[in-house]
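What follows is a single structure, written as structure tokens, with notes after it.
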Amino acid sequence: MENKKSIGNVNILHLANATEETLAGMGTIGNINVVFFTPETARLIPLLKSGNINQTFQLPAGIKIIQNMGQVRIARDYFTHWSAQNFLVTMGQVIVDPEVPPEEITTNLAGFVIMGQLICPESLFGVFTSKPNLIMGQTITYPAFKHIHHDQLTLDEDYLSSLNDQSEIAVIGSLCAPKVLPNGLLEQKIGKIYVNGTVECHAENAQVIRSRLFKGSGSVKIIPAGFELIEKPLTLDAETLGYLPSPNLFCKDQVTIAAGVDPAVLDHALSRLVVKGLLISPASLKPVLARKMDLFDTQAVFYEGELLLVADQQTLYEARLSALKSRAALVVTGELTIDPGITAAVLSSKINSVHNFGMIQCTPEQRPALESCLVHNEGQIKSEPEGEEEADENQMGNVNYLVL
């Protein structure tokens, strides 16, 4: 008997053009997220040898399918090059602009499947969803205000000054006000503002901004009063501590305090510190930092000895370890490959702690040496397989989109 090909899990199984003959060569299929079929191929669904089927969806016969991966923005000119009605299948977010003529949706769109989030203006939601559809994610409607911004809007004095009084703004994304703004200017320029993502602002402006938020807006994150917002990764060394923009820092990303920073200098330069990313600091500075910040609400690495920080993609060679003057703390937030030529004994003699927030690739022989000094393990440690298994030509892994 001819061997049949078995497949792992399938995200989308397209049966619109399938026949009994195409199914005859198939073995088992794992779980299926969505099965597309037509009235003519509906009889084939019971013939599938599969596990769970999450959804089935009937496509109109003879309609072309347009498949997209990632975000799709349906703007005014989106349907310009469509010569006939098409069916839209998207794995990702779909954003509909309010300027799209309703008649173009009616004429060009046969239906749609969205495996992700649909963000649609209230004025077009009815005509858009009147088409045959399957939305496997969140649906968000937003007001068709005059000012529409996609992704992130930075709210500053220059932007506010460019607006007419009592402007209405919709933000399809997040809003950030990095500096404290004059509340009088906010009250004058903003009438209503809708934000489908998060709103981040200083406590000094929170009351006014909240009073302008339109229904359905996202959550508000408050930067404490008197703090300077730092959005990028920050390294604090002796020089940087001498010209801080404020003694109170609110840091959204990683903060690394350099080795050799004097505790007295740090104590004098900083009054308060909030770190929403990862804090990496010499252990000698922990008593000072404990007075400046809430360590119980901060993800922190306090290390002894030297620091080996991997924030991108690197390979660790023995020459780098040999150059260390003392045992080091290995902190990985990116991807680290350890050269197979490094022995477990060398790793044990040169590394005193491992803090893994990313991915470490090593050999099976190196892995016990790393795990024996593992302090933080919020990433992955992968070892090369000890032997290659012969591939089975009748076995396939998981498949995103399968046409039979």
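In the structure tokens, each chain is lettered A, B, ... as it comes, each chain's residues begin at 1, and ligands are numbered from 1 in order of appearance.
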
Quick check for you: according to DSSP on this backbone, which residues of range 33-87 of chain A are classed as helix (DSSP H, G or I)? Reply as a VMD selection string. chain A and resid 42 to 47

Go ahead and write the residues just picked, C-alpha atoms, as a short mmCIF file (atom, residue, chain, number, x, y, z; two decimals), in the first residue's frame.
data_model
loop_
_atom_site.label_atom_id
_atom_site.label_comp_id
_atom_site.auth_asym_id
_atom_site.auth_seq_id
_atom_site.Cartn_x
_atom_site.Cartn_y
_atom_site.Cartn_z
CA ALA A 42 -18.61 20.56 1.71
CA ARG A 43 -18.98 16.78 1.35
CA LEU A 44 -15.19 16.38 1.78
CA ILE A 45 -14.99 17.70 5.34
CA PRO A 46 -16.16 14.41 6.95
CA LEU A 47 -13.44 12.59 4.98
#

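Every protein or nucleic acid residue with an atom no more than 6 Å from Val354 in chain A, counting only C-alpha atoms and leaving out same-chain residues fewer than 5 positions away, appears here: Ala329, Leu330, Cys373, Leu374 and Val375 of chain A.
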
Near range 146-161 of chain A, counting only C-alpha atoms, which residues have an atom at most 9 Å away, once you skip same-chain residues fewer than 4 positions from it, shown as a list in words?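 Close residues of range 146-161 of chain A: Asp97, Pro98, Ser167, Glu168, Ile169, Ala170, Val171, Ile172, Gly173, Ser174, Leu175, Cys176, Ala177, Pro178, Lys179, Val180, Leu181, Pro182, Leu185, Leu186, Lys189, Ile190 and Gly197 of chain A.
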
May I have the selected residues written with all heavy atoms, as a compact mmCIF listing (two decimals), in the first residue's frame?
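The result, written out as out.txt:
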# COMPACT_ATOMS: atom_id res chain seq x y z
N ASP A 97 -9.85 52.70 7.01
CA ASP A 97 -9.87 54.16 7.11
C ASP A 97 -11.28 54.70 6.88
O ASP A 97 -12.05 54.12 6.10
CB ASP A 97 -8.93 54.78 6.07
CG ASP A 97 -7.47 54.65 6.47
OD1 ASP A 97 -7.20 54.07 7.54
OD2 ASP A 97 -6.60 55.11 5.70
N PRO A 98 -11.63 55.81 7.51
CA PRO A 98 -12.99 56.35 7.35
C PRO A 98 -13.25 56.95 5.97
O PRO A 98 -14.41 57.14 5.59
CB PRO A 98 -13.06 57.44 8.43
CG PRO A 98 -11.65 57.80 8.73
CD PRO A 98 -10.85 56.56 8.51
N SER A 167 -10.32 70.57 18.85
CA SER A 167 -10.17 69.56 17.81
C SER A 167 -10.57 68.18 18.32
O SER A 167 -10.45 67.88 19.51
CB SER A 167 -8.72 69.52 17.32
OG SER A 167 -8.39 70.68 16.59
N GLU A 168 -11.05 67.37 17.38
CA GLU A 168 -11.41 65.99 17.68
C GLU A 168 -10.41 65.07 16.99
O GLU A 168 -10.19 65.17 15.79
CB GLU A 168 -12.84 65.69 17.23
CG GLU A 168 -13.87 66.53 17.98
CD GLU A 168 -15.30 66.19 17.59
OE1 GLU A 168 -15.49 65.58 16.52
OE2 GLU A 168 -16.21 66.53 18.36
N ILE A 169 -9.79 64.17 17.77
CA ILE A 169 -8.66 63.37 17.30
C ILE A 169 -8.93 61.90 17.58
O ILE A 169 -9.40 61.54 18.67
CB ILE A 169 -7.36 63.79 18.02
CG1 ILE A 169 -7.12 65.29 17.87
CG2 ILE A 169 -6.16 63.00 17.50
CD1 ILE A 169 -6.09 65.85 18.85
N ALA A 170 -8.62 61.05 16.60
CA ALA A 170 -8.66 59.60 16.79
C ALA A 170 -7.26 59.04 16.58
O ALA A 170 -6.62 59.33 15.57
CB ALA A 170 -9.64 58.94 15.83
N VAL A 171 -6.79 58.25 17.53
CA VAL A 171 -5.46 57.65 17.45
C VAL A 171 -5.63 56.14 17.37
O VAL A 171 -6.11 55.51 18.33
CB VAL A 171 -4.59 58.03 18.66
CG1 VAL A 171 -3.19 57.42 18.52
CG2 VAL A 171 -4.50 59.54 18.81
N ILE A 172 -5.26 55.56 16.22
CA ILE A 172 -5.34 54.11 16.06
C ILE A 172 -3.95 53.57 16.44
O ILE A 172 -3.10 53.29 15.62
CB ILE A 172 -5.71 53.72 14.62
CG1 ILE A 172 -6.89 54.56 14.13
CG2 ILE A 172 -6.03 52.23 14.54
CD1 ILE A 172 -8.10 54.52 15.04
N GLY A 173 -3.75 53.45 17.71
CA GLY A 173 -2.46 53.09 18.27
C GLY A 173 -2.38 53.65 19.68
O GLY A 173 -3.38 53.70 20.39
N SER A 174 -1.19 54.09 20.06
CA SER A 174 -1.00 54.61 21.42
C SER A 174 -0.69 56.10 21.39
O SER A 174 -0.30 56.65 20.36
CB SER A 174 0.13 53.86 22.12
OG SER A 174 1.35 53.99 21.38
N LEU A 175 -0.87 56.73 22.52
CA LEU A 175 -0.58 58.15 22.67
C LEU A 175 0.38 58.34 23.82
O LEU A 175 0.22 57.74 24.89
CB LEU A 175 -1.87 58.94 22.91
CG LEU A 175 -1.72 60.46 23.10
CD1 LEU A 175 -2.88 61.20 22.46
CD2 LEU A 175 -1.62 60.84 24.58
N CYS A 176 1.40 59.18 23.59
CA CYS A 176 2.36 59.47 24.65
C CYS A 176 2.59 60.97 24.73
O CYS A 176 2.83 61.62 23.71
CB CYS A 176 3.69 58.75 24.39
SG CYS A 176 4.95 59.06 25.66
N ALA A 177 2.50 61.50 25.93
CA ALA A 177 2.85 62.90 26.20
C ALA A 177 4.12 62.88 27.05
O ALA A 177 4.05 62.79 28.28
CB ALA A 177 1.71 63.61 26.94
N PRO A 178 5.31 62.92 26.40
CA PRO A 178 6.56 62.70 27.13
C PRO A 178 6.94 63.82 28.08
O PRO A 178 7.71 63.60 29.02
CB PRO A 178 7.60 62.55 26.00
CG PRO A 178 7.01 63.24 24.83
CD PRO A 178 5.52 63.08 24.95
N LYS A 179 6.43 65.04 27.83
CA LYS A 179 6.74 66.18 28.70
C LYS A 179 5.46 66.69 29.36
O LYS A 179 4.36 66.48 28.84
CB LYS A 179 7.36 67.31 27.88
CG LYS A 179 8.66 66.94 27.16
CD LYS A 179 9.80 66.76 28.14
CE LYS A 179 11.12 66.51 27.39
NZ LYS A 179 12.25 66.29 28.32
N VAL A 180 5.62 67.35 30.48
CA VAL A 180 4.47 67.98 31.13
C VAL A 180 3.99 69.13 30.25
O VAL A 180 4.79 69.98 29.82
CB VAL A 180 4.85 68.49 32.53
CG1 VAL A 180 3.66 69.22 33.16
CG2 VAL A 180 5.29 67.34 33.42
N LEU A 181 2.70 69.15 29.95
CA LEU A 181 2.12 70.14 29.05
C LEU A 181 1.30 71.16 29.83
O LEU A 181 0.76 70.85 30.91
CB LEU A 181 1.22 69.45 28.02
CG LEU A 181 1.91 68.45 27.09
CD1 LEU A 181 0.87 67.61 26.35
CD2 LEU A 181 2.81 69.18 26.12
N PRO A 182 1.17 72.39 29.29
CA PRO A 182 0.29 73.37 29.94
C PRO A 182 -1.16 72.89 29.88
O PRO A 182 -1.69 72.65 28.79
CB PRO A 182 0.50 74.64 29.09
CG PRO A 182 1.79 74.44 28.36
CD PRO A 182 1.88 72.96 28.12
N LEU A 185 -3.48 74.85 27.60
CA LEU A 185 -3.35 74.57 26.17
C LEU A 185 -4.08 73.28 25.81
O LEU A 185 -4.73 73.19 24.76
CB LEU A 185 -1.87 74.49 25.79
CG LEU A 185 -1.54 74.34 24.31
CD1 LEU A 185 -2.05 75.56 23.53
CD2 LEU A 185 -0.04 74.16 24.10
N LEU A 186 -3.98 72.26 26.66
CA LEU A 186 -4.72 71.02 26.43
C LEU A 186 -6.22 71.27 26.39
O LEU A 186 -6.93 70.78 25.50
CB LEU A 186 -4.39 70.01 27.53
CG LEU A 186 -3.06 69.27 27.45
CD1 LEU A 186 -2.81 68.50 28.75
CD2 LEU A 186 -3.03 68.31 26.27
N LYS A 189 -7.16 73.22 23.06
CA LYS A 189 -6.97 72.61 21.75
C LYS A 189 -7.71 71.28 21.56
O LYS A 189 -8.05 70.92 20.43
CB LYS A 189 -5.48 72.40 21.49
CG LYS A 189 -4.70 73.71 21.36
CD LYS A 189 -5.12 74.48 20.11
CE LYS A 189 -4.29 75.71 19.87
NZ LYS A 189 -4.64 76.41 18.62
N ILE A 190 -7.93 70.53 22.61
CA ILE A 190 -8.54 69.20 22.46
C ILE A 190 -9.97 69.21 22.97
O ILE A 190 -10.22 69.49 24.15
CB ILE A 190 -7.71 68.13 23.20
CG1 ILE A 190 -6.31 68.05 22.57
CG2 ILE A 190 -8.39 66.77 23.12
CD1 ILE A 190 -5.41 67.02 23.22
N GLY A 197 -5.28 52.35 21.85
CA GLY A 197 -4.20 51.73 22.62
C GLY A 197 -4.08 52.38 23.99
O GLY A 197 -5.06 52.86 24.55

Contacts of Glu231 in chain A within 10 Å, only C-alpha atoms, excl. fewer than 4 positions in-chain, as a ChimeraX atom specification: /A:178,250-254,276

Restricting it to C-alpha atoms, dump the selection as a PDB file, in the first residue's frame.
ATOM      1  CA  PRO A 178       6.561  62.700  27.129  1.00  0.00           C
ATOM      2  CA  PHE A 250      11.062  57.211  34.879  1.00  0.00           C
ATOM      3  CA  CYS A 251      12.738  54.710  32.527  1.00  0.00           C
ATOM      4  CA  LYS A 252      10.616  52.579  30.171  1.00  0.00           C
ATOM      5  CA  ASP A 253      13.495  50.459  28.861  1.00  0.00           C
ATOM      6  CA  GLN A 254      16.611  48.748  30.248  1.00  0.00           C
ATOM      7  CA  LYS A 276       9.974  49.426  33.793  1.00  0.00           C
TER       8      LYS A 276
END

Polymer residues at most 7 Å from range 136-142 of chain A, only C-alpha atoms, same-chain spacing of 5 or more positions, as a compact mmCIF listing (two decimals) with C-alpha atoms, in the first residue's frame:
# COMPACT_ATOMS: atom_id res chain seq x y z
CA ILE A 114 -9.59 38.03 9.67
CA MET A 115 -7.44 36.02 12.03
CA GLY A 116 -6.53 39.01 14.12
CA GLN A 117 -7.95 42.37 15.12
CA LEU A 118 -10.42 44.43 13.08
CA ILE A 119 -10.30 48.20 13.63
CA CYS A 120 -13.09 49.95 11.71
CA PRO A 121 -14.74 53.39 11.82
CA GLU A 122 -18.24 53.39 13.26

Tell me which of A:Met396, A:Ile230, A:Lys221, A:Leu404 sits closest to Ala24 in chain A, counting only C-alpha atoms. A:Leu404
